[in-house]
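K.L.:
This one is entry01.pdb, PDB, C-alpha atoms, pLDDT in the B column.
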```
ATOM      1  CA  MET V   1      91.776   1.836   6.989  1.00 79.00           C
ATOM      2  CA  ARG V   2      92.045  -0.504   4.018  1.00 85.00           C
ATOM      3  CA  HIS V   3      94.912   1.587   2.657  1.00 85.00           C
ATOM      4  CA  LEU V   4      96.799   1.226   5.946  1.00 88.00           C
ATOM      5  CA  PHE V   5      96.213  -2.530   5.964  1.00 86.00           C
ATOM      6  CA  MET V   6      97.562  -2.832   2.410  1.00 90.00           C
ATOM      7  CA  ARG V   7     100.672  -0.801   3.275  1.00 92.00           C
ATOM      8  CA  LEU V   8     101.341  -2.971   6.352  1.00 90.00           C
ATOM      9  CA  HIS V   9     100.845  -6.100   4.259  1.00 88.00           C
ATOM     10  CA  LEU V  10     103.367  -4.901   1.675  1.00 91.00           C
ATOM     11  CA  LEU V  11     105.824  -3.904   4.398  1.00 93.00           C
ATOM     12  CA  GLU V  12     105.497  -7.339   5.978  1.00 93.00           C
ATOM     13  CA  ARG V  13     106.130  -9.110   2.665  1.00 92.00           C
ATOM     14  CA  ARG V  14     109.174  -6.934   2.040  1.00 93.00           C
ATOM     15  CA  LEU V  15     110.540  -7.762   5.529  1.00 94.00           C
ATOM     16  CA  PHE V  16     109.809 -11.452   4.961  1.00 95.00           C
ATOM     17  CA  LYS V  17     111.642 -11.477   1.617  1.00 93.00           C
ATOM     18  CA  TRP V  18     114.632  -9.679   3.123  1.00 94.00           C
ATOM     19  CA  ILE V  19     114.928 -12.166   6.012  1.00 95.00           C
ATOM     20  CA  ASN V  20     114.136 -15.230   3.914  1.00 94.00           C
ATOM     21  CA  GLY V  21     116.118 -14.213   0.844  1.00 91.00           C
ATOM     22  CA  SER V  22     118.836 -11.641   1.428  1.00 89.00           C
ATOM     23  CA  LEU V  23     120.087 -13.053   4.728  1.00 90.00           C
ATOM     24  CA  HIS V  24     120.430 -16.667   3.561  1.00 89.00           C
ATOM     25  CA  ASN V  25     123.889 -18.155   4.026  1.00 91.00           C
ATOM     26  CA  PRO V  26     125.303 -21.590   4.951  1.00 92.00           C
ATOM     27  CA  PHE V  27     126.050 -20.648   8.588  1.00 94.00           C
ATOM     28  CA  LEU V  28     122.493 -19.506   9.326  1.00 94.00           C
ATOM     29  CA  ASN V  29     121.041 -22.343   7.258  1.00 93.00           C
ATOM     30  CA  PHE V  30     122.716 -24.868   9.551  1.00 93.00           C
ATOM     31  CA  TRP V  31     122.061 -23.235  12.913  1.00 95.00           C
ATOM     32  CA  LEU V  32     118.542 -21.978  12.329  1.00 95.00           C
ATOM     33  CA  PHE V  33     117.408 -25.308  10.860  1.00 92.00           C
ATOM     34  CA  TYR V  34     118.317 -27.008  14.153  1.00 93.00           C
ATOM     35  CA  LEU V  35     117.495 -24.242  16.648  1.00 95.00           C
ATOM     36  CA  THR V  36     113.959 -23.899  15.258  1.00 95.00           C
ATOM     37  CA  HIS V  37     113.154 -27.333  16.732  1.00 93.00           C
ATOM     38  CA  LEU V  38     113.423 -25.932  20.271  1.00 94.00           C
ATOM     39  CA  GLY V  39     109.930 -24.568  19.652  1.00 94.00           C
ATOM     40  CA  GLY V  40     108.613 -27.904  18.416  1.00 93.00           C
ATOM     41  CA  ALA V  41     106.381 -30.123  20.530  1.00 90.00           C
ATOM     42  CA  THR V  42     109.011 -32.784  21.204  1.00 93.00           C
ATOM     43  CA  SER V  43     111.592 -30.351  22.543  1.00 95.00           C
ATOM     44  CA  ALA V  44     109.249 -27.989  24.363  1.00 96.00           C
ATOM     45  CA  ILE V  45     107.321 -30.742  26.110  1.00 96.00           C
ATOM     46  CA  GLY V  46     110.340 -32.978  26.660  1.00 96.00           C
ATOM     47  CA  ILE V  47     112.632 -30.365  28.198  1.00 96.00           C
ATOM     48  CA  ASN V  48     109.929 -29.046  30.520  1.00 97.00           C
ATOM     49  CA  MET V  49     108.868 -32.538  31.576  1.00 97.00           C
ATOM     50  CA  LEU V  50     112.480 -33.383  32.439  1.00 97.00           C
ATOM     51  CA  VAL V  51     112.840 -30.204  34.511  1.00 97.00           C
ATOM     52  CA  TRP V  52     109.532 -30.905  36.280  1.00 97.00           C
ATOM     53  CA  ALA V  53     110.300 -34.577  36.929  1.00 96.00           C
ATOM     54  CA  LEU V  54     113.989 -34.465  37.783  1.00 97.00           C
ATOM     55  CA  SER V  55     114.787 -31.077  39.289  1.00 96.00           C
ATOM     56  CA  PRO V  56     114.614 -29.851  42.875  1.00 97.00           C
ATOM     57  CA  GLN V  57     112.415 -26.928  43.918  1.00 96.00           C
ATOM     58  CA  PRO V  58     111.941 -24.183  42.739  1.00 96.00           C
ATOM     59  CA  TRP V  59     112.900 -25.566  39.313  1.00 97.00           C
ATOM     60  CA  ARG V  60     110.247 -28.267  39.591  1.00 97.00           C
ATOM     61  CA  THR V  61     107.445 -25.731  40.037  1.00 97.00           C
ATOM     62  CA  THR V  62     108.780 -23.616  37.187  1.00 97.00           C
ATOM     63  CA  GLY V  63     108.899 -26.670  34.916  1.00 97.00           C
ATOM     64  CA  LEU V  64     105.269 -27.423  35.752  1.00 97.00           C
ATOM     65  CA  GLN V  65     104.290 -23.784  35.131  1.00 98.00           C
ATOM     66  CA  ALA V  66     105.987 -23.992  31.738  1.00 98.00           C
ATOM     67  CA  LEU V  67     104.087 -27.196  30.895  1.00 98.00           C
ATOM     68  CA  VAL V  68     100.753 -25.663  31.933  1.00 98.00           C
ATOM     69  CA  SER V  69     101.545 -22.471  30.015  1.00 97.00           C
ATOM     70  CA  LEU V  70     102.513 -24.504  26.959  1.00 97.00           C
ATOM     71  CA  THR V  71      99.238 -26.429  27.100  1.00 97.00           C
ATOM     72  CA  ILE V  72      97.075 -23.344  27.590  1.00 97.00           C
ATOM     73  CA  SER V  73      98.872 -21.387  24.881  1.00 97.00           C
ATOM     74  CA  HIS V  74      97.999 -23.846  22.171  1.00 95.00           C
ATOM     75  CA  ILE V  75      94.247 -23.444  22.622  1.00 97.00           C
ATOM     76  CA  PRO V  76      94.197 -19.955  21.043  1.00 97.00           C
ATOM     77  CA  VAL V  77      96.731 -21.131  18.439  1.00 96.00           C
ATOM     78  CA  ALA V  78      94.426 -23.960  17.337  1.00 95.00           C
ATOM     79  CA  ILE V  79      91.438 -21.603  17.239  1.00 96.00           C
ATOM     80  CA  ALA V  80      93.310 -18.903  15.290  1.00 95.00           C
ATOM     81  CA  LYS V  81      94.613 -21.411  12.727  1.00 94.00           C
ATOM     82  CA  LYS V  82      90.988 -22.441  12.042  1.00 93.00           C
ATOM     83  CA  LEU V  83      89.555 -18.897  12.010  1.00 95.00           C
ATOM     84  CA  TYR V  84      92.383 -17.322   9.974  1.00 92.00           C
ATOM     85  CA  PRO V  85      93.547 -19.959   7.467  1.00 91.00           C
ATOM     86  CA  ARG V  86      96.601 -18.120   6.189  1.00 92.00           C
ATOM     87  CA  MET V  87      98.696 -19.953   3.615  1.00 91.00           C
ATOM     88  CA  ARG V  88     102.344 -20.463   4.553  1.00 92.00           C
ATOM     89  CA  PRO V  89     104.736 -18.094   2.762  1.00 92.00           C
ATOM     90  CA  TYR V  90     106.647 -20.821   0.932  1.00 89.00           C
ATOM     91  CA  LEU V  91     103.324 -21.883  -0.636  1.00 89.00           C
ATOM     92  CA  ALA V  92     102.116 -18.341  -1.373  1.00 88.00           C
ATOM     93  CA  LEU V  93     105.270 -16.543  -2.489  1.00 87.00           C
ATOM     94  CA  PRO V  94     107.301 -17.913  -5.412  1.00 88.00           C
ATOM     95  CA  GLY V  95     111.031 -18.081  -4.789  1.00 88.00           C
ATOM     96  CA  THR V  96     110.768 -18.523  -1.020  1.00 89.00           C
ATOM     97  CA  ASN V  97     113.666 -20.417   0.507  1.00 87.00           C
ATOM     98  CA  THR V  98     112.551 -23.401   2.565  1.00 87.00           C
ATOM     99  CA  PHE V  99     113.995 -26.683   3.761  1.00 82.00           C
ATOM    100  CA  ARG V 100     113.049 -30.353   3.721  1.00 75.00           C
ATOM    101  CA  ASN V 101     109.622 -31.446   4.945  1.00 72.00           C
ATOM    102  CA  PRO V 102     108.044 -28.015   5.475  1.00 76.00           C
ATOM    103  CA  LEU V 103     104.769 -27.866   7.393  1.00 76.00           C
ATOM    104  CA  LYS V 104     101.585 -27.674   5.353  1.00 77.00           C
ATOM    105  CA  ASP V 105      98.995 -26.501   7.913  1.00 85.00           C
ATOM    106  CA  HIS V 106      98.019 -22.854   8.293  1.00 90.00           C
ATOM    107  CA  SER V 107     100.581 -20.186   9.051  1.00 91.00           C
ATOM    108  CA  PHE V 108      98.903 -17.852  11.560  1.00 95.00           C
ATOM    109  CA  PRO V 109     100.015 -17.804  14.363  1.00 96.00           C
ATOM    110  CA  SER V 110     103.405 -19.501  14.726  1.00 96.00           C
ATOM    111  CA  GLY V 111     103.023 -22.505  17.019  1.00 96.00           C
ATOM    112  CA  HIS V 112     106.790 -22.904  17.450  1.00 96.00           C
ATOM    113  CA  THR V 113     107.130 -19.277  18.549  1.00 98.00           C
ATOM    114  CA  THR V 114     104.153 -19.647  20.871  1.00 98.00           C
ATOM    115  CA  ALA V 115     105.713 -22.755  22.409  1.00 98.00           C
ATOM    116  CA  ILE V 116     109.166 -21.289  22.974  1.00 98.00           C
ATOM    117  CA  PHE V 117     107.771 -18.157  24.646  1.00 98.00           C
ATOM    118  CA  ALA V 118     105.238 -20.117  26.714  1.00 98.00           C
ATOM    119  CA  SER V 119     108.088 -22.396  27.828  1.00 97.00           C
ATOM    120  CA  THR V 120     110.768 -19.802  28.551  1.00 98.00           C
ATOM    121  CA  VAL V 121     108.792 -16.976  30.188  1.00 98.00           C
ATOM    122  CA  PRO V 122     108.171 -18.939  33.426  1.00 98.00           C
ATOM    123  CA  TYR V 123     111.926 -19.542  33.764  1.00 98.00           C
ATOM    124  CA  MET V 124     112.679 -15.881  33.039  1.00 98.00           C
ATOM    125  CA  ALA V 125     110.145 -14.840  35.698  1.00 97.00           C
ATOM    126  CA  ALA V 126     111.464 -17.269  38.306  1.00 97.00           C
ATOM    127  CA  PHE V 127     115.158 -16.793  37.513  1.00 98.00           C
ATOM    128  CA  PRO V 128     115.661 -13.309  35.990  1.00 98.00           C
ATOM    129  CA  ALA V 129     119.371 -13.919  35.354  1.00 98.00           C
ATOM    130  CA  LEU V 130     118.367 -16.507  32.719  1.00 98.00           C
ATOM    131  CA  THR V 131     116.651 -13.796  30.665  1.00 98.00           C
ATOM    132  CA  VAL V 132     119.940 -12.874  28.957  1.00 98.00           C
ATOM    133  CA  ILE V 133     120.058 -16.414  27.525  1.00 97.00           C
ATOM    134  CA  LEU V 134     116.401 -17.379  27.175  1.00 98.00           C
ATOM    135  CA  LEU V 135     114.977 -14.222  25.613  1.00 98.00           C
ATOM    136  CA  PRO V 136     117.486 -14.153  22.725  1.00 98.00           C
ATOM    137  CA  LEU V 137     116.984 -17.909  22.271  1.00 97.00           C
ATOM    138  CA  ALA V 138     113.197 -17.479  22.048  1.00 98.00           C
ATOM    139  CA  CYS V 139     113.649 -14.609  19.586  1.00 98.00           C
ATOM    140  CA  ILE V 140     116.017 -16.726  17.464  1.00 97.00           C
ATOM    141  CA  VAL V 141     113.421 -19.508  17.269  1.00 98.00           C
ATOM    142  CA  GLY V 142     110.836 -16.958  16.124  1.00 97.00           C
ATOM    143  CA  PHE V 143     113.269 -15.461  13.611  1.00 97.00           C
ATOM    144  CA  SER V 144     114.095 -18.943  12.308  1.00 97.00           C
ATOM    145  CA  ARG V 145     110.452 -19.511  11.401  1.00 96.00           C
ATOM    146  CA  ILE V 146     110.623 -16.543   8.993  1.00 96.00           C
ATOM    147  CA  TYR V 147     114.108 -17.428   7.757  1.00 96.00           C
ATOM    148  CA  LEU V 148     112.975 -20.984   6.940  1.00 94.00           C
ATOM    149  CA  GLY V 149     110.021 -19.685   4.894  1.00 93.00           C
ATOM    150  CA  LEU V 150     107.369 -21.092   7.219  1.00 93.00           C
ATOM    151  CA  HIS V 151     105.887 -17.911   8.724  1.00 95.00           C
ATOM    152  CA  TYR V 152     105.377 -14.242   8.091  1.00 96.00           C
ATOM    153  CA  PRO V 153     106.661 -11.756  10.704  1.00 97.00           C
ATOM    154  CA  SER V 154     103.123 -11.126  12.001  1.00 96.00           C
ATOM    155  CA  ASP V 155     102.693 -14.888  12.592  1.00 97.00           C
ATOM    156  CA  VAL V 156     105.794 -14.822  14.775  1.00 98.00           C
ATOM    157  CA  VAL V 157     104.773 -11.684  16.670  1.00 98.00           C
ATOM    158  CA  ALA V 158     101.332 -13.173  17.332  1.00 97.00           C
ATOM    159  CA  GLY V 159     102.943 -16.392  18.580  1.00 98.00           C
ATOM    160  CA  ALA V 160     105.233 -14.472  20.919  1.00 98.00           C
ATOM    161  CA  VAL V 161     102.292 -12.489  22.312  1.00 98.00           C
ATOM    162  CA  ILE V 162     100.147 -15.601  22.818  1.00 98.00           C
ATOM    163  CA  GLY V 163     102.991 -17.575  24.437  1.00 98.00           C
ATOM    164  CA  THR V 164     104.008 -14.712  26.699  1.00 98.00           C
ATOM    165  CA  GLY V 165     100.396 -14.003  27.647  1.00 98.00           C
ATOM    166  CA  ALA V 166      99.691 -17.638  28.472  1.00 98.00           C
ATOM    167  CA  ALA V 167     102.832 -17.819  30.599  1.00 98.00           C
ATOM    168  CA  ALA V 168     102.092 -14.549  32.403  1.00 97.00           C
ATOM    169  CA  GLY V 169      98.540 -15.678  33.092  1.00 97.00           C
ATOM    170  CA  THR V 170      99.710 -19.062  34.342  1.00 97.00           C
ATOM    171  CA  ILE V 171     102.227 -17.464  36.691  1.00 97.00           C
ATOM    172  CA  ALA V 172      99.736 -14.848  37.927  1.00 95.00           C
ATOM    173  CA  LEU V 173      97.057 -17.438  38.682  1.00 94.00           C
ATOM    174  CA  TRP V 174      99.438 -20.042  40.143  1.00 91.00           C
ATOM    175  CA  PHE V 175      98.190 -21.269  43.504  1.00 72.00           C
TER     176      PHE V 175
END
```
Here is a file; write its structure as structure tokens.

P.N.:
Amino acid sequence: MRHLFMRLHLLERRLFKWINGSLHNPFLNFWLFYLTHLGGATSAIGINMLVWALSPQPWRTTGLQALVSLTISHIPVAIAKKLYPRMRPYLALPGTNTFRNPLKDHSFPSGHTTAIFASTVPYMAAFPALTVILLPLACIVGFSRIYLGLHYPSDVVAGAVIGTGAAAGTIALWF
């Protein structure tokens, strides 16, 4: 079992270095630096609050579901960051590309990825036609976290699972 874990760890580092190193170019540097903020607290909370406050039904309900999902999703994120204090890749791996003011808290799981999935899944469930826009956007935010040197691929996958699970649970239990 330990041998399998070590092989997966090496594979993950190799994937991280390929995304963070080999793919770097000015076009992606610009776009991913800005798109990553869609998973940040200001954007995720702000956009969903505007939809909830200013939109007609059924958008209003969906905006509220996204806000509830976003709130619930960050409970397991906070717990996991305390239980599994994983150092961010740019701090652990020499030569990692990163940008100004990188985060310094723990890496696992990705809070930005959790937030974007928790926020977008309710809209995808309520309005399936939006999936062709929202799913790639959520995946780009997750990808950007690796590209910017802030998370390992497993951090991003865990964030996507937590965000999606929180959203699915919120929708399923909605009164």

K.L.:
Name every residue that the PyMOL selection byres ((chain V and resi 35) around 12) selects in this structure, writing the answer as a count of residues only with chains first and numbers rising.

P.N.:
29

K.L.:
Work out how far CA of Ala125 in chain V is from CA of Leu50 in chain V, in Å to one decimal.

P.N.:
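CA of Ala125 in chain V lies at a distance of 19.0 Å from CA of Leu50 in chain V.
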
K.L.:
Any chance you could resolve the PyMOL selection byres ((chain V and resi 64) around 10) against this file and give the residues as a PyMOL selection string?

P.N.:
chain V and resi 48-53+59-63+65-70+119+122

K.L.:
Please provide the set of residues having any atom within 8 Å of range 78-95 of chain V, restricted to all atoms listed in the file, with same-chain residues fewer than 3 positions apart removed, written as number ranges by chain.

P.N.:
V: 74-75, 98, 104-109, 149-152

K.L.:
With the PyMOL selection byres ((chain V and resi 117) around 8) as the selection, what would be picked from this file? Answer as a PyMOL selection string, please.

P.N.:
chain V and resi 113-116+118-121+138+159-160+163-164+167

K.L.:
Quick one, how far is CA of Pro153 in chain V from CA of Glu12 in chain V?

P.N.:
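About the pair CA of Pro153 in chain V and CA of Glu12 in chain V: they are 6.6 Å apart.
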